[in-house]
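Enquirer: Contents are mmCIF, C-alpha atoms; file name coords.cif:
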data_query
#
loop_
_atom_site.label_atom_id
_atom_site.label_comp_id
_atom_site.auth_asym_id
_atom_site.auth_seq_id
_atom_site.Cartn_x
_atom_site.Cartn_y
_atom_site.Cartn_z
CA MET D 1 34.61 4.47 76.39
CA LEU D 2 33.25 3.09 79.63
CA ILE D 3 30.24 0.77 79.68
CA HIS D 4 28.02 0.82 82.77
CA ASP D 5 24.95 -1.15 83.82
CA MET D 6 21.87 1.09 83.96
CA SER D 7 19.64 1.32 87.03
CA ALA D 8 16.12 -0.13 86.89
CA GLN D 9 14.78 3.43 87.10
CA ASP D 10 16.84 4.59 84.11
CA CYS D 11 15.75 1.54 82.10
CA THR D 12 12.08 2.26 82.81
CA ALA D 13 12.51 5.95 81.92
CA LEU D 14 14.04 5.01 78.58
CA LEU D 15 11.21 2.56 77.82
CA ALA D 16 8.65 5.22 78.73
CA ARG D 17 10.03 7.80 76.29
CA ALA D 18 10.91 5.33 73.49
CA ARG D 19 8.69 4.80 70.49
CA LEU D 20 10.58 2.27 68.42
CA GLY D 21 12.18 -1.04 69.34
CA ARG D 22 13.12 -4.38 67.85
CA LEU D 23 11.22 -7.48 68.81
CA ALA D 24 12.79 -10.95 68.63
CA CYS D 25 10.83 -14.18 68.72
CA ALA D 26 12.12 -17.71 68.14
CA CYS D 27 10.89 -20.92 66.54
CA GLU D 28 12.78 -24.22 66.81
CA GLY D 29 15.98 -22.44 67.80
CA GLN D 30 15.84 -19.85 64.98
CA PRO D 31 15.47 -16.27 66.24
CA TYR D 32 13.77 -13.61 64.11
CA ILE D 33 13.81 -9.80 64.58
CA THR D 34 11.46 -7.11 63.36
CA PRO D 35 11.17 -3.43 64.24
CA ILE D 36 8.08 -2.48 66.24
CA SER D 37 6.38 0.71 67.28
CA PHE D 38 5.37 0.31 70.92
CA ALA D 39 4.12 2.12 73.99
CA HIS D 40 5.21 1.31 77.54
CA ASP D 41 2.72 1.05 80.36
CA ALA D 42 3.48 -0.28 83.87
CA GLY D 43 4.74 -3.80 83.28
CA PHE D 44 3.75 -4.01 79.61
CA LEU D 45 4.80 -3.01 76.11
CA TYR D 46 1.80 -2.51 73.79
CA SER D 47 2.11 -2.90 70.04
CA PHE D 48 0.51 -4.22 66.87
CA SER D 49 1.65 -6.02 63.75
CA THR D 50 0.47 -7.55 60.51
CA LEU D 51 -0.66 -11.15 60.85
CA GLY D 52 2.53 -12.75 59.54
CA LYS D 53 5.47 -14.90 60.53
CA LYS D 54 6.16 -12.97 63.73
CA ILE D 55 2.62 -13.35 65.11
CA GLN D 56 2.47 -17.01 64.10
CA TRP D 57 5.77 -17.72 65.84
CA MET D 58 4.75 -15.85 69.03
CA ARG D 59 1.49 -17.79 69.18
CA THR D 60 3.57 -20.99 69.16
CA ASN D 61 6.31 -19.72 71.50
CA PRO D 62 5.39 -16.62 73.54
CA LEU D 63 8.95 -16.00 74.83
CA VAL D 64 10.23 -12.75 73.32
CA CYS D 65 12.92 -10.10 73.68
CA VAL D 66 12.63 -6.38 72.92
CA GLU D 67 15.63 -4.11 72.41
CA VAL D 68 15.40 -0.32 72.64
CA GLU D 69 18.28 2.07 72.13
CA GLU D 70 19.18 5.74 72.26
CA LEU D 71 22.22 6.73 70.22
CA ALA D 72 23.77 10.15 70.73
CA THR D 73 27.18 9.22 69.31
CA SER D 74 29.12 5.98 68.83
CA GLN D 75 30.52 6.56 72.31
CA ASP D 76 27.42 7.90 74.06
CA TRP D 77 24.53 5.47 73.91
CA SER D 78 22.04 3.52 76.00
CA THR D 79 20.43 0.20 75.21
CA VAL D 80 17.70 -1.56 77.19
CA ILE D 81 16.82 -5.25 76.82
CA VAL D 82 13.40 -6.55 77.87
CA THR D 83 12.51 -10.22 78.06
CA GLY D 84 8.88 -11.19 78.43
CA LYS D 85 5.87 -13.05 77.11
CA TYR D 86 3.58 -12.36 74.18
CA GLU D 87 -0.11 -11.86 74.93
CA GLU D 88 -2.46 -11.33 71.98
CA LEU D 89 -5.32 -8.84 72.32
CA PRO D 90 -8.06 -10.16 70.02
CA ASP D 91 -11.16 -8.14 69.14
CA THR D 92 -13.42 -9.93 71.65
CA PRO D 93 -15.36 -8.67 74.72
CA GLU D 94 -12.89 -10.41 77.06
CA TYR D 95 -9.97 -8.34 75.73
CA GLU D 96 -11.88 -5.09 75.10
CA ILE D 97 -10.31 -3.09 77.97
CA ARG D 98 -6.74 -4.22 77.22
CA ARG D 99 -7.25 -3.64 73.49
CA ARG D 100 -8.61 -0.14 74.12
CA ARG D 101 -5.61 0.56 76.37
CA ALA D 102 -3.28 -0.50 73.55
CA TYR D 103 -5.07 1.75 71.07
CA ASP D 104 -5.14 4.74 73.45
CA LEU D 105 -1.43 4.47 74.22
CA LEU D 106 -0.27 3.80 70.67
CA ARG D 107 -2.19 6.61 69.01
CA ARG D 108 -0.22 9.15 71.08
CA ARG D 109 3.03 8.02 69.46
CA PRO D 110 4.65 10.30 66.85
CA ALA D 111 5.36 7.29 64.63
CA TRP D 112 1.81 6.07 65.01
CA TRP D 113 -0.32 5.64 61.98
CA GLU D 114 -3.79 4.20 61.88
CA PRO D 115 -3.02 0.62 60.78
CA GLY D 116 -5.88 0.80 58.29
CA TYR D 117 -4.00 3.54 56.42
CA VAL D 118 -0.98 1.33 55.86
CA LYS D 119 -1.01 -0.86 52.80
CA THR D 120 1.28 -3.66 51.72
CA VAL D 121 2.13 -4.56 48.15
CA VAL D 122 1.96 -8.33 47.68
CA ASP D 123 2.31 -9.89 44.22
CA GLY D 124 1.77 -6.48 42.69
CA LYS D 125 -1.55 -5.94 44.47
CA ILE D 126 -2.12 -3.27 47.12
CA ARG D 127 -4.00 -4.43 50.20
CA PRO D 128 -4.68 -2.84 53.61
CA ILE D 129 -2.65 -4.00 56.61
CA GLU D 130 -4.55 -6.35 58.92
CA ALA D 131 -3.42 -5.34 62.38
CA THR D 132 -3.09 -7.77 65.26
CA TYR D 133 -2.82 -5.99 68.62
CA PHE D 134 -0.70 -7.52 71.37
CA ARG D 135 1.26 -6.71 74.48
CA ILE D 136 4.49 -8.01 75.98
CA VAL D 137 4.19 -8.92 79.66
CA ILE D 138 7.57 -7.73 80.95
CA ASP D 139 9.53 -10.37 82.83
CA HIS D 140 13.00 -8.81 83.11
CA VAL D 141 14.66 -5.53 82.13
CA SER D 142 18.35 -4.65 81.93
CA GLY D 143 20.29 -1.82 80.34
CA ARG D 144 23.79 -0.69 79.53
CA ARG D 145 25.17 2.75 78.86
CA GLY D 146 28.35 3.66 77.02
CA LEU D 147 30.06 6.96 77.80
CA PRO D 148 33.33 8.50 76.65
CA ASP D 149 36.13 8.10 79.18
CA ALA D 150 38.67 10.74 80.11
CA ALA D 151 41.17 10.09 77.31
CA PRO D 152 40.38 12.37 74.34
CA GLY D 153 42.59 10.34 71.96
CA ARG D 154 40.25 7.43 72.36
CA MET D 155 37.31 9.41 71.04
CA SER D 156 38.96 10.72 67.92
CA SER D 157 38.45 7.87 65.45
CA ALA D 158 34.64 8.14 65.46
CA SER D 159 34.71 11.86 64.71
CA ARG D 160 37.59 11.67 62.23
CA GLU D 161 36.35 8.92 59.97
CA PRO D 162 33.49 9.62 57.55
CA GLY D 163 30.21 7.91 58.35
CA ALA D 164 27.37 7.04 56.03
CA GLY D 165 23.57 7.03 56.11
CA TRP D 166 21.55 7.42 59.25
CA LEU D 167 24.41 6.87 61.71
CA ARG D 168 26.25 9.84 60.24
CA ARG D 169 23.08 11.90 60.50
CA ILE D 170 22.66 10.94 64.13
CA PHE D 171 26.29 11.81 64.87
CA ALA D 172 26.04 15.12 63.02
CA ASP D 173 22.80 16.02 64.75
CA ALA D 174 24.02 15.06 68.19
CA SER D 175 27.18 17.12 67.82
CA ARG D 176 25.21 20.35 67.40
CA MET N 177 2.23 4.46 53.56
CA LEU N 178 2.97 1.58 51.20
CA ILE N 179 5.21 -1.30 52.26
CA HIS N 180 7.17 -3.10 49.54
CA ASP N 181 9.51 -6.09 49.54
CA MET N 182 13.08 -5.05 48.71
CA SER N 183 15.09 -6.68 45.93
CA ALA N 184 18.08 -8.86 46.83
CA GLN N 185 20.34 -6.20 45.30
CA ASP N 186 18.85 -3.44 47.47
CA CYS N 187 19.18 -5.62 50.58
CA THR N 188 22.86 -6.28 49.85
CA ALA N 189 23.51 -2.59 49.19
CA LEU N 190 21.97 -1.65 52.54
CA LEU N 191 24.05 -4.28 54.37
CA ALA N 192 27.20 -3.02 52.63
CA ARG N 193 26.72 0.58 53.77
CA ALA N 194 25.38 -0.22 57.24
CA ARG N 195 27.53 -0.12 60.35
CA LEU N 196 25.14 -1.00 63.13
CA GLY N 197 22.63 -3.80 63.51
CA ARG N 198 20.91 -5.88 66.14
CA LEU N 199 21.80 -9.52 66.60
CA ALA N 200 19.34 -12.04 68.05
CA CYS N 201 20.33 -15.44 69.36
CA ALA N 202 18.15 -17.95 71.21
CA CYS N 203 18.54 -20.47 74.01
CA GLU N 204 15.80 -22.94 74.95
CA GLY N 205 13.17 -20.88 73.15
CA GLN N 206 14.18 -17.56 74.75
CA PRO N 207 15.44 -15.01 72.19
CA TYR N 208 17.95 -12.31 73.18
CA ILE N 209 18.92 -9.15 71.24
CA THR N 210 22.00 -6.97 71.42
CA PRO N 211 23.23 -4.17 69.18
CA ILE N 212 26.36 -4.99 67.15
CA SER N 213 28.81 -3.07 65.04
CA PHE N 214 29.44 -5.14 61.93
CA ALA N 215 30.96 -5.13 58.46
CA HIS N 216 29.47 -6.93 55.47
CA ASP N 217 31.63 -8.97 53.13
CA ALA N 218 30.32 -11.29 50.40
CA GLY N 219 28.19 -13.82 52.25
CA PHE N 220 29.28 -12.82 55.76
CA LEU N 221 28.77 -10.26 58.50
CA TYR N 222 31.91 -9.74 60.61
CA SER N 223 31.74 -8.52 64.19
CA PHE N 224 33.09 -8.85 67.70
CA SER N 225 31.69 -8.88 71.21
CA THR N 226 32.59 -9.27 74.84
CA LEU N 227 32.64 -12.86 76.04
CA GLY N 228 29.23 -12.85 77.68
CA LYS N 229 25.76 -14.32 77.45
CA LYS N 230 25.44 -13.70 73.70
CA ILE N 231 28.65 -15.57 72.79
CA GLN N 232 27.85 -18.41 75.19
CA TRP N 233 24.37 -18.79 73.69
CA MET N 234 25.67 -18.70 70.09
CA ARG N 235 28.26 -21.37 70.91
CA THR N 236 25.38 -23.58 72.07
CA ASN N 237 22.96 -22.65 69.25
CA PRO N 238 24.58 -21.00 66.21
CA LEU N 239 21.27 -19.98 64.58
CA VAL N 240 21.03 -16.19 64.60
CA CYS N 241 19.17 -13.26 63.07
CA VAL N 242 20.52 -9.78 62.32
CA GLU N 243 18.29 -6.77 61.70
CA VAL N 244 19.55 -3.60 60.00
CA GLU N 245 17.48 -0.51 59.37
CA GLU N 246 17.63 2.92 57.76
CA LEU N 247 15.12 5.44 59.03
CA ALA N 248 14.55 8.65 57.12
CA THR N 249 11.10 9.34 58.59
CA SER N 250 8.38 7.25 60.21
CA GLN N 251 6.98 6.74 56.70
CA ASP N 252 10.22 6.37 54.76
CA TRP N 253 12.34 3.51 56.00
CA SER N 254 14.05 0.27 55.02
CA THR N 255 14.73 -2.78 57.15
CA VAL N 256 16.73 -5.85 56.20
CA ILE N 257 16.59 -9.17 58.05
CA VAL N 258 19.43 -11.68 57.80
CA THR N 259 19.27 -15.22 59.12
CA GLY N 260 22.47 -17.21 59.38
CA LYS N 261 24.92 -19.16 61.51
CA TYR N 262 27.48 -18.02 64.05
CA GLU N 263 31.12 -18.89 63.38
CA GLU N 264 33.67 -17.92 66.00
CA LEU N 265 37.09 -16.67 64.86
CA PRO N 266 39.48 -17.66 67.64
CA ASP N 267 43.06 -16.41 67.84
CA THR N 268 44.59 -19.60 66.39
CA PRO N 269 46.62 -20.24 63.19
CA GLU N 270 43.64 -22.01 61.59
CA TYR N 271 41.48 -18.88 61.81
CA GLU N 272 44.25 -16.31 61.22
CA ILE N 273 43.12 -15.26 57.70
CA ARG N 274 39.43 -14.95 58.64
CA ARG N 275 40.30 -13.11 61.84
CA ARG N 276 42.54 -10.68 59.98
CA ARG N 277 39.72 -10.12 57.46
CA ALA N 278 37.36 -9.29 60.33
CA TYR N 279 39.84 -6.83 61.81
CA ASP N 280 40.60 -5.17 58.46
CA LEU N 281 36.91 -4.69 57.65
CA LEU N 282 35.82 -3.55 61.10
CA ARG N 283 38.55 -0.96 61.61
CA ARG N 284 37.22 0.99 58.60
CA ARG N 285 33.89 1.52 60.35
CA PRO N 286 33.11 4.99 61.76
CA ALA N 287 31.77 3.43 64.95
CA TRP N 288 34.82 1.25 65.28
CA TRP N 289 36.91 1.48 68.34
CA GLU N 290 39.85 -0.69 69.21
CA PRO N 291 38.17 -3.19 71.58
CA GLY N 292 41.13 -2.86 73.97
CA TYR N 293 40.19 0.79 74.48
CA VAL N 294 36.72 -0.07 75.70
CA LYS N 295 36.28 -0.79 79.36
CA THR N 296 33.39 -2.17 81.32
CA VAL N 297 32.53 -1.32 84.90
CA VAL N 298 31.70 -4.49 86.84
CA ASP N 299 31.14 -4.40 90.60
CA GLY N 300 32.68 -0.94 90.68
CA LYS N 301 35.92 -2.09 89.03
CA ILE N 302 37.04 -0.96 85.58
CA ARG N 303 38.33 -3.70 83.32
CA PRO N 304 39.21 -3.85 79.62
CA ILE N 305 36.78 -5.48 77.23
CA GLU N 306 37.83 -8.98 76.13
CA ALA N 307 36.80 -9.15 72.49
CA THR N 308 35.65 -12.33 70.79
CA TYR N 309 35.69 -12.01 66.99
CA PHE N 310 33.09 -13.86 64.95
CA ARG N 311 31.24 -13.83 61.66
CA ILE N 312 27.70 -14.68 60.62
CA VAL N 313 27.52 -17.01 57.63
CA ILE N 314 24.52 -15.55 55.77
CA ASP N 315 21.81 -18.06 54.98
CA HIS N 316 18.89 -15.84 53.91
CA VAL N 317 18.27 -12.11 53.41
CA SER N 318 14.98 -10.25 53.03
CA GLY N 319 14.00 -6.60 53.26
CA ARG N 320 11.01 -4.32 53.34
CA ARG N 321 10.68 -0.66 52.53
CA GLY N 322 7.98 1.74 53.66
CA LEU N 323 7.23 4.81 51.54
CA PRO N 324 4.60 7.53 51.78
CA ASP N 325 1.66 6.94 49.45
CA ALA N 326 -0.06 9.62 47.35
CA ALA N 327 -2.37 10.96 50.08
CA PRO N 328 -0.68 13.91 51.86
CA GLY N 329 -3.15 13.78 54.76
CA ARG N 330 -1.78 10.41 55.70
CA MET N 331 1.70 11.83 56.18
CA SER N 332 0.75 14.69 58.41
CA SER N 333 0.59 13.05 61.83
CA ALA N 334 4.31 12.26 62.00
CA SER N 335 5.30 15.85 61.22
CA ARG N 336 2.55 17.45 63.32
CA GLU N 337 2.96 15.56 66.56
CA PRO N 338 5.98 16.25 68.75
CA GLY N 339 8.51 13.45 68.93
CA ALA N 340 11.10 12.76 71.60
CA GLY N 341 14.70 11.64 71.74
CA TRP N 342 16.61 10.19 68.85
CA LEU N 343 13.58 9.50 66.63
CA ARG N 344 12.71 13.19 66.69
CA ARG N 345 16.30 14.04 65.83
CA ILE N 346 16.23 11.63 62.90
CA PHE N 347 12.94 13.06 61.66
CA ALA N 348 14.14 16.64 62.04
CA ASP N 349 17.41 15.89 60.30
CA ALA N 350 15.78 13.99 57.46
CA SER N 351 13.31 16.80 56.80
CA ARG N 352 16.04 19.29 56.00
#
Represent the supplied structure as structure tokens.

Expert:
Amino acid sequence: MLIHDMSAQDCTALLARARLGRLACACEGQPYITPISFAHDAGFLYSFSTLGKKIQWMRTNPLVCVEVEELATSQDWSTVIVTGKYEELPDTPEYEIRRRRAYDLLRRRPAWWEPGYVKTVVDGKIRPIEATYFRIVIDHVSGRRGLPDAAPGRMSSASREPGAGWLRRIFADASR
Amino acid sequence: MLIHDMSAQDCTALLARARLGRLACACEGQPYITPISFAHDAGFLYSFSTLGKKIQWMRTNPLVCVEVEELATSQDWSTVIVTGKYEELPDTPEYEIRRRRAYDLLRRRPAWWEPGYVKTVVDGKIRPIEATYFRIVIDHVSGRRGLPDAAPGRMSSASREPGAGWLRRIFADASR
């Protein structure tokens, strides 16, 4: 396998077609990751979340990182890393346009669900999600791509050994 | 969709069958994520990486977070978050047993490749990867699972709207 740096254009194209990423924030040196559904728009990643640890940490320290990946096989993949700053989009007149933009972009996503339809179970009680909308102001983007090299023997272990769970499904699907 | 907390047993089972995760480290308040191939072993996650930014940051600040997920559909998923500390496994007699354990566990992975077979392209020149082995000493594990609730109408948007890329492949595969 050969690992290449991706061009800025390829990184942006991947962000534009991606729907799911992982967001990392940090508090007092401790990083924390959660999956997010997001939508890319020139210079920004729009998303929403429950009002929990992640939002509290980003309010204290707005420096974040978002990772997005496309996996075809274990030897054919792309991953893009975004660093940027958290900007909350509260339900106030000042943020109305940005908040509407977030909503318009996110509702086009296939993994989108109206946050009000999602419920959490806490201490045995079901309660609706309370969504906080935000966007990441993109500061820097980089990406790497792994591709099989010319030696077939070097590709054999991934296809020979049995996988498990979703990685196996991805591999099986990609091989068709 | 209903979101539940996962039991400790379910979290451990997911870590045991997982092969791929995302590791976050942090330096001066800036988090940074990269995908990792790892193997779980009682209390530890074993992995390796090139000697780059991630390793340098973890040597400075060993506090890390690892996220692992299983996606069946946009409304049927599990995600486990591990926080812990980085411990490097250098090629010295003192670390020989732990390093051998890392190697033995990782080589069973379907996405495993002998690090020496992987090459990076830097400034147009191909060079072999220089692998640094390490393990994460697990400090805390938590997990959440999303499941469709009883209202079929709330599940329809994910299957109705067209997806793109690997998420669509996962959805299509999981629906069979």

Enquirer: To one decimal in Å, tell me the separation between atom CA of D:Gly124 and atom CA of D:Lys53.

Expert: 20.1 Å

Enquirer: When you draw a straight line from atom CA of N:Leu323 to atom CA of D:Lys119, how long is it in Å?

Expert: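 Computing the Euclidean distance for atom CA of N:Leu323 and atom CA of D:Lys119 yields 10.1 Å.
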
Enquirer: Let me make sure I understand: among N:Val297, N:Ala278, N:Val244, N:Ile212, which one has the smallest atom-to-atom distance to chain D if we use only C-alpha atoms?

Expert: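 Closest residue, counting only C-alpha atoms: N:Val297.
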
Enquirer: Find the residue from N:Ala192, N:Ala215, N:Leu221, N:Val240 that sits nearest to chain D; use all atoms listed in the file when measuring.

Expert: N:Val240

Enquirer: Which value, in Å to one decimal, gives the distance between atom CA of N:Ser183 and atom CA of N:Asp217?

Expert: 18.2 Å
